[in-house]
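Q: Before anything else, here's the structure in question.
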Amino acid sequence: MKSLSFHRLPGADAMSVRVQEQDFDVSAELALMRIGNPKIGAIASFVGVVRDINEGDSVATMTLEHYPGMTEKAITEIIGQARGRWEVLDALVIHRVGTLKPTDQIVLVIVASTHRGDAFAACEFIMDYLKTQAPFWKKEITPQGARWVDARVTDSRAAERWGSIEKS
Amino acid sequence: MKSLSFHRLPGADAMSVRVQEQDFDVSAELALMRIGNPKIGAIASFVGVVRDINEGDSVATMTLEHYPGMTEKAITEIIGQARGRWEVLDALVIHRVGTLKPTDQIVLVIVASTHRGDAFAACEFIMDYLKTQAPFWKKEITPQGARWVDARVTDSRAAERWGSIEKS
Amino acid sequence: MITLLYFARLREALGTGREELALPSGINTLGALRDHLSKRGDAWAREMADGRNLRAAVNQDVAAADTPIKDGDEIAFFPPVTGG
Amino acid sequence: MITLLYFARLREALGTGREELALPSGINTLGALRDHLSKRGDAWAREMADGRNLRAAVNQDVAAADTPIKDGDEIAFFPPVTGG
């Protein structure tokens, strides 16, 4: 289940996609992005966190499985779609895999732009599509035993409100 | 111009508002928030950054002035309004004052919620209102000399799209 | 006495950031106070003129021209805000 | 030969995460392959049944039932995704 990938493209297409077991440091990622491009005026970020309760049951730990190779490809495509809709100067997605516990960070999406409207919209768009398109699966350990988390209808709706996504 | 204030209220009304000269550490603030509340599933953040170009001129440094006392009051009120519209488990605003240079962080808004829709909306709402309601003023030093930054019409429009804000 | 505060461009143009003033008799709204201050001439006339895009707060709350003012108030004048 | 991958609940139910298979003659779409696999019976019949909410990818791109498949392809079956 161990996997690490890293893409960084130069210039206008700057982006990074990483799937990793280890935790991430948001400040360090923000600093790298800021110092790399003084045109950046606005950075929107999202961090997904393991909650201690899901569907009414307490969650002790959670294991994240993914599809190596396709994960990175799907996320890179999602970022490409965001770039077609908004001004994106740089974008980063880190998704953790393996075993996590409540209050642990799961996923990080950072989008940098000149102005904040683009940064917020692109960050939320990437997160909405990631939840429905990127091949990750969560299994929770609860007092009632282990269970695979079911996909949420609200997540499909969240992705649908952005309109159809075209294949690049 | 030196000023520091800190409010942290317990439980459902958790929030912090700080005005300070020193830089901030987003990772440290996120960790404090996450560890304080295992119901948090989603954290949206915004960081405003000094750009090297504004209105076509290069910016060497920028000085931020504020109205001590009113600043904290205005931001606390903005967060209260966000809380009335969305589920906000915790919120933090840090705004720097004093002299900053390109790529420096200016402002941080963090909103934690159970789900990401609330976190994104409340974070963008707070930022839009902060830009039009909180008493901060920027003065830029450019090769053409020092100048006070003019308020942007797009900022008023961004705040207006959320509808009217009521006095608490 | 009232406390008057001026910020940013206004502070620089008027050459002062703060003054204490005995509330002039007959002045009981923010708008009346602004008119009164504009009669000081020069920079005051220019900066406090009706056409200037000026904002104000009474006791740290954003206030309009018809907001009542009274002895002991903290009253601030400033340009539209540009933080964030 | 084609490579078949199974993830998450599906991997556990089928008892395997990966197999190599000679592409059966006459099978040239994803839908036909799913039908073919469902005929293995037991867990295969249950998990690959028409009513199951199953997703699939051909060579790491999300694919539909009418997506063509050919020798050498990497084909993955999995439940709706739940990351983030």
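Here, A, B, ... name the chains of the structure tokens in the order displayed, residue numbers run from 1 inside each chain, and ligands are numbered from 1 in the same displayed order.
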Please identify every residue of chain C that has at least one atom no more than 9 Å from any atom of chain B, counting only C-alpha atoms, and report them as a list in words.
A: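 Listed by rising number, the hits are Leu5, Phe7, Ala8, Arg9, Ala57, Asn59, Gln60, Asp61, Val62, Ala76, Phe78, Pro79, Pro80, Val81, Thr82, Gly83 and Gly84 of chain C.
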Q: Could you write those residues out with C-alpha atoms, as a PDB file, in the first residue's frame?
A:
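Saved result, out-v1.pdb, follows:
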```pdb
ATOM      1  CA  LEU C   5      -9.330  59.609  15.322  1.00  0.00           C
ATOM      2  CA  PHE C   7      -6.517  56.965   9.796  1.00  0.00           C
ATOM      3  CA  ALA C   8      -4.397  56.266   6.710  1.00  0.00           C
ATOM      4  CA  ARG C   9      -4.527  58.880   3.892  1.00  0.00           C
ATOM      5  CA  ALA C  57     -17.242  54.943  13.085  1.00  0.00           C
ATOM      6  CA  ASN C  59     -17.480  54.001  19.366  1.00  0.00           C
ATOM      7  CA  GLN C  60     -15.906  51.486  16.946  1.00  0.00           C
ATOM      8  CA  ASP C  61     -19.107  50.735  15.030  1.00  0.00           C
ATOM      9  CA  VAL C  62     -19.472  51.812  11.396  1.00  0.00           C
ATOM     10  CA  ALA C  76     -13.128  57.938  13.795  1.00  0.00           C
ATOM     11  CA  PHE C  78     -11.095  57.065   7.533  1.00  0.00           C
ATOM     12  CA  PRO C  79     -10.962  56.132   3.794  1.00  0.00           C
ATOM     13  CA  PRO C  80     -12.609  52.918   2.500  1.00  0.00           C
ATOM     14  CA  VAL C  81     -10.715  49.948   3.956  1.00  0.00           C
ATOM     15  CA  THR C  82      -8.117  48.026   1.943  1.00  0.00           C
ATOM     16  CA  GLY C  83      -6.868  45.205   4.176  1.00  0.00           C
ATOM     17  CA  GLY C  84      -6.854  41.452   3.614  1.00  0.00           C
TER      18      GLY C  84
END
```
Q: Please find the residues of chain B near chain A - the criterion being any atom within 9 Å, counting only C-alpha atoms - and write them as a PDB file with C-alpha atoms, in the first residue's frame.
A:
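The file below, result32.pdb, is the result:
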```pdb
ATOM      1  CA  ASP B  25       2.262  29.404  11.193  1.00  0.00           C
ATOM      2  CA  VAL B  26      -0.728  27.839   9.430  1.00  0.00           C
ATOM      3  CA  SER B  27       0.228  24.253  10.398  1.00  0.00           C
ATOM      4  CA  ALA B  28       0.399  25.148  14.090  1.00  0.00           C
ATOM      5  CA  LEU B  30      -4.565  23.924  12.099  1.00  0.00           C
ATOM      6  CA  ALA B  31      -3.137  21.444  14.630  1.00  0.00           C
ATOM      7  CA  ARG B  34      -7.975  19.785  14.995  1.00  0.00           C
ATOM      8  CA  ILE B  35      -6.796  18.559  18.360  1.00  0.00           C
ATOM      9  CA  GLY B  36      -9.301  20.758  20.148  1.00  0.00           C
ATOM     10  CA  ASN B  37     -12.329  19.159  18.474  1.00  0.00           C
ATOM     11  CA  PRO B  38     -12.544  15.606  17.022  1.00  0.00           C
ATOM     12  CA  LYS B  39     -15.892  16.465  15.383  1.00  0.00           C
ATOM     13  CA  ILE B  40     -14.009  18.558  12.828  1.00  0.00           C
ATOM     14  CA  GLY B  41     -14.001  16.877   9.408  1.00  0.00           C
ATOM     15  CA  ALA B  42     -13.240  19.794   7.109  1.00  0.00           C
ATOM     16  CA  ILE B  43     -11.024  22.861   7.408  1.00  0.00           C
ATOM     17  CA  ALA B  44     -10.986  25.600   4.766  1.00  0.00           C
ATOM     18  CA  SER B  45      -8.243  28.212   4.923  1.00  0.00           C
ATOM     19  CA  PHE B  46      -7.304  31.367   3.117  1.00  0.00           C
ATOM     20  CA  VAL B  47      -3.936  33.122   3.100  1.00  0.00           C
ATOM     21  CA  GLY B  48      -3.538  36.568   1.528  1.00  0.00           C
ATOM     22  CA  VAL B  49      -0.035  37.245   0.201  1.00  0.00           C
ATOM     23  CA  VAL B  50       1.815  40.455  -0.777  1.00  0.00           C
ATOM     24  CA  ARG B  51       2.254  40.505  -4.575  1.00  0.00           C
ATOM     25  CA  ASP B  52       5.275  42.060  -6.293  1.00  0.00           C
ATOM     26  CA  ILE B  53       3.069  43.956  -8.769  1.00  0.00           C
ATOM     27  CA  PRO B 102       6.297  40.587  -1.579  1.00  0.00           C
ATOM     28  CA  THR B 103       5.610  36.880  -0.839  1.00  0.00           C
ATOM     29  CA  ASP B 104       4.927  37.726   2.861  1.00  0.00           C
ATOM     30  CA  GLN B 105       1.701  36.426   4.376  1.00  0.00           C
ATOM     31  CA  THR B 114     -18.141  18.907  10.047  1.00  0.00           C
ATOM     32  CA  HIS B 115     -18.479  19.042   6.265  1.00  0.00           C
ATOM     33  CA  ARG B 116     -16.589  20.926   3.600  1.00  0.00           C
ATOM     34  CA  GLY B 117     -19.448  22.930   2.056  1.00  0.00           C
ATOM     35  CA  ALA B 119     -16.176  25.381   5.784  1.00  0.00           C
ATOM     36  CA  PHE B 120     -15.593  26.745   2.259  1.00  0.00           C
ATOM     37  CA  GLU B 124     -14.933  32.908   1.731  1.00  0.00           C
ATOM     38  CA  MET B 127     -12.707  37.004   3.813  1.00  0.00           C
ATOM     39  CA  ALA B 158     -17.755  40.227  -3.623  1.00  0.00           C
TER      40      ALA B 158
END
```
Q: May I ask which of the residues C:Leu4, C:Leu54, C:Ala22, C:Ala49 is the closest one to Glu74 (chain C), counting only C-alpha atoms?
A: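 Among the listed residues, C:Leu4 lies closest to Glu74 (chain C).
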Q: Mind checking which residues fall within 10 Å of Ala146 (chain A), counting only C-alpha atoms, ignoring those fewer than 2 positions away in the same chain, and posting them as a list in words?
A: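 Within the cut-off, the hits are Val59, Ala60, Thr61, Met62, Thr63, Lys139, Glu140, Ile141, Thr142, Pro143, Gln144, Trp148 and Val149 of chain A.
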Q: Please write the residues from the selection above to a file, keeping C-alpha atoms, as a PDB file, in the first residue's frame.
A:
```
ATOM      1  CA  VAL A  59     -14.432   5.570  14.755  1.00  0.00           C
ATOM      2  CA  ALA A  60     -11.228   4.185  16.309  1.00  0.00           C
ATOM      3  CA  THR A  61      -9.079   4.082  13.174  1.00  0.00           C
ATOM      4  CA  MET A  62      -9.554   4.259   9.429  1.00  0.00           C
ATOM      5  CA  THR A  63      -7.589   2.641   6.615  1.00  0.00           C
ATOM      6  CA  LYS A 139     -12.524   1.408   5.763  1.00  0.00           C
ATOM      7  CA  GLU A 140     -13.487   2.341   9.328  1.00  0.00           C
ATOM      8  CA  ILE A 141     -12.825   0.350  12.470  1.00  0.00           C
ATOM      9  CA  THR A 142     -15.720   0.914  14.895  1.00  0.00           C
ATOM     10  CA  PRO A 143     -16.833  -0.940  18.076  1.00  0.00           C
ATOM     11  CA  GLN A 144     -19.214  -2.842  15.738  1.00  0.00           C
ATOM     12  CA  TRP A 148     -16.190   0.029   4.138  1.00  0.00           C
ATOM     13  CA  VAL A 149     -17.551   3.560   4.038  1.00  0.00           C
TER      14      VAL A 149
END
```
Q: Which residues come within 12 Å of Lys39 (chain D), counting only C-alpha atoms, excluding same-chain residues fewer than 6 positions away, as a tab-separated table (two decimals) with C-alpha atoms, in the first residue's frame?
A:
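What follows is the written file out_10.tsv:
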```tsv
chain	number	residue	atom	x	y	z
D	32	ALA	CA	-19.08	-8.34	-21.70
D	33	LEU	CA	-16.11	-8.97	-19.41
D	45	ALA	CA	-22.04	-13.65	-9.28
D	46	ARG	CA	-23.01	-11.48	-6.30
D	47	GLU	CA	-20.39	-8.73	-6.71
D	48	MET	CA	-20.49	-8.53	-10.51
D	49	ALA	CA	-24.32	-8.65	-10.75
D	50	ASP	CA	-26.02	-5.99	-12.89
```
Q: Among the residues of region 21-60 of chain C, find those DSSP assigns to helix (DSSP H, G or I) from the backbone and print them as an NGL selection string.
A: :C and (30-38 or 42-48)
Q: Output all heavy atoms for every residue in that selection, as a short mmCIF file (atom, residue, chain, number, x, y, z; two decimals), in the first residue's frame.
A:
```
data_model
loop_
_atom_site.label_atom_id
_atom_site.label_comp_id
_atom_site.auth_asym_id
_atom_site.auth_seq_id
_atom_site.Cartn_x
_atom_site.Cartn_y
_atom_site.Cartn_z
N LEU C 30 -23.18 62.70 13.45
CA LEU C 30 -21.90 62.51 12.76
C LEU C 30 -21.78 63.47 11.58
O LEU C 30 -20.72 64.07 11.35
CB LEU C 30 -21.81 61.05 12.30
CG LEU C 30 -20.50 60.55 11.75
CD1 LEU C 30 -19.37 60.71 12.75
CD2 LEU C 30 -20.64 59.08 11.33
N GLY C 31 -22.87 63.61 10.82
CA GLY C 31 -22.86 64.48 9.65
C GLY C 31 -22.60 65.94 10.02
O GLY C 31 -21.82 66.63 9.35
N ALA C 32 -23.21 66.37 11.11
CA ALA C 32 -23.01 67.75 11.57
C ALA C 32 -21.57 67.97 12.02
O ALA C 32 -20.97 69.03 11.77
CB ALA C 32 -23.98 68.06 12.72
N LEU C 33 -20.99 66.95 12.63
CA LEU C 33 -19.59 67.04 13.07
C LEU C 33 -18.66 67.15 11.86
O LEU C 33 -17.71 67.95 11.86
CB LEU C 33 -19.21 65.82 13.92
CG LEU C 33 -17.76 65.78 14.38
CD1 LEU C 33 -17.42 66.95 15.31
CD2 LEU C 33 -17.44 64.45 15.05
N ARG C 34 -18.94 66.35 10.83
CA ARG C 34 -18.12 66.39 9.61
C ARG C 34 -18.18 67.79 8.98
O ARG C 34 -17.14 68.34 8.60
CB ARG C 34 -18.61 65.32 8.63
CG ARG C 34 -17.85 65.29 7.31
CD ARG C 34 -18.26 64.10 6.47
NE ARG C 34 -17.72 64.19 5.12
CZ ARG C 34 -17.82 63.22 4.21
NH1 ARG C 34 -18.44 62.09 4.53
NH2 ARG C 34 -17.30 63.37 3.01
N ASP C 35 -19.38 68.37 8.89
CA ASP C 35 -19.53 69.74 8.37
C ASP C 35 -18.70 70.72 9.18
O ASP C 35 -18.00 71.58 8.64
CB ASP C 35 -21.01 70.18 8.44
CG ASP C 35 -21.84 69.56 7.32
OD1 ASP C 35 -21.25 69.01 6.37
OD2 ASP C 35 -23.08 69.62 7.43
N HIS C 36 -18.82 70.58 10.50
CA HIS C 36 -18.10 71.46 11.41
C HIS C 36 -16.58 71.39 11.17
O HIS C 36 -15.90 72.42 11.09
CB HIS C 36 -18.44 71.08 12.85
CG HIS C 36 -17.67 71.83 13.89
ND1 HIS C 36 -18.02 73.10 14.32
CD2 HIS C 36 -16.54 71.51 14.59
CE1 HIS C 36 -17.16 73.51 15.22
NE2 HIS C 36 -16.25 72.56 15.41
N LEU C 37 -16.08 70.16 11.04
CA LEU C 37 -14.63 69.97 10.84
C LEU C 37 -14.18 70.53 9.48
O LEU C 37 -13.08 71.07 9.35
CB LEU C 37 -14.25 68.49 10.96
CG LEU C 37 -14.42 67.88 12.36
CD1 LEU C 37 -14.25 66.36 12.29
CD2 LEU C 37 -13.42 68.49 13.36
N SER C 38 -15.05 70.41 8.46
CA SER C 38 -14.68 70.88 7.11
C SER C 38 -14.48 72.39 7.10
O SER C 38 -13.80 72.92 6.22
CB SER C 38 -15.74 70.47 6.09
OG SER C 38 -16.89 71.28 6.23
N ASP C 42 -8.52 74.60 4.33
CA ASP C 42 -7.37 73.86 3.79
C ASP C 42 -7.64 72.36 3.68
O ASP C 42 -8.62 71.94 3.10
CB ASP C 42 -6.11 74.14 4.64
CG ASP C 42 -5.73 75.62 4.59
OD1 ASP C 42 -6.10 76.30 3.61
OD2 ASP C 42 -5.08 76.10 5.54
N ALA C 43 -6.69 71.58 4.25
CA ALA C 43 -6.81 70.12 4.15
C ALA C 43 -8.13 69.64 4.73
O ALA C 43 -8.73 68.69 4.23
CB ALA C 43 -5.65 69.45 4.87
N TRP C 44 -8.59 70.28 5.78
CA TRP C 44 -9.85 69.87 6.42
C TRP C 44 -11.03 70.04 5.46
O TRP C 44 -11.88 69.16 5.32
CB TRP C 44 -10.09 70.68 7.70
CG TRP C 44 -9.05 70.38 8.74
CD1 TRP C 44 -7.85 70.98 8.89
CD2 TRP C 44 -9.13 69.34 9.72
NE1 TRP C 44 -7.15 70.40 9.92
CE2 TRP C 44 -7.91 69.39 10.46
CE3 TRP C 44 -10.08 68.39 10.06
CZ2 TRP C 44 -7.64 68.52 11.51
CZ3 TRP C 44 -9.81 67.53 11.12
CH2 TRP C 44 -8.61 67.60 11.82
N ALA C 45 -11.07 71.19 4.79
CA ALA C 45 -12.14 71.44 3.82
C ALA C 45 -12.10 70.38 2.71
O ALA C 45 -13.12 69.83 2.30
CB ALA C 45 -12.01 72.83 3.24
N ARG C 46 -10.89 70.12 2.23
CA ARG C 46 -10.70 69.18 1.12
C ARG C 46 -11.09 67.75 1.55
O ARG C 46 -11.83 67.07 0.87
CB ARG C 46 -9.23 69.23 0.71
CG ARG C 46 -8.96 68.81 -0.71
CD ARG C 46 -7.54 69.17 -1.13
NE ARG C 46 -6.53 68.68 -0.20
CZ ARG C 46 -5.71 69.47 0.51
NH1 ARG C 46 -5.77 70.78 0.40
NH2 ARG C 46 -4.83 68.93 1.33
N GLU C 47 -10.55 67.29 2.66
CA GLU C 47 -10.72 65.89 3.07
C GLU C 47 -12.12 65.61 3.62
O GLU C 47 -12.61 64.49 3.52
CB GLU C 47 -9.67 65.51 4.13
CG GLU C 47 -8.23 65.52 3.61
CD GLU C 47 -7.97 64.48 2.53
OE1 GLU C 47 -8.66 63.44 2.52
OE2 GLU C 47 -7.08 64.71 1.68
N MET C 48 -12.75 66.60 4.22
CA MET C 48 -14.07 66.40 4.84
C MET C 48 -15.22 66.81 3.91
O MET C 48 -16.39 66.74 4.30
CB MET C 48 -14.19 67.20 6.14
CG MET C 48 -13.25 66.74 7.25
SD MET C 48 -13.85 65.20 8.00
CE MET C 48 -12.45 64.79 9.06
#
```
Q: Please provide the set of residues having any atom within 9 Å of Phe125 (chain B), restricted to only C-alpha atoms, with same-chain residues fewer than 6 positions apart removed, written as JSON, numbers by chain.
A: {"B": [78, 79, 82, 158, 159, 162]}
Q: Record the distance separating CA of Thr67 (chain C) and CA of Glu77 (chain B), expressed in Å with one decimal.
A: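 Taking CA of Thr67 (chain C) and CA of Glu77 (chain B), their separation equals 19.5 Å.
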Q: Please measure the separation of CA of Glu21 (chain B) and CA of Gly98 (chain B), giving the value in Å to one decimal.
A: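 Atom-to-atom, CA of Glu21 (chain B) to CA of Gly98 (chain B), that is 5.8 Å.
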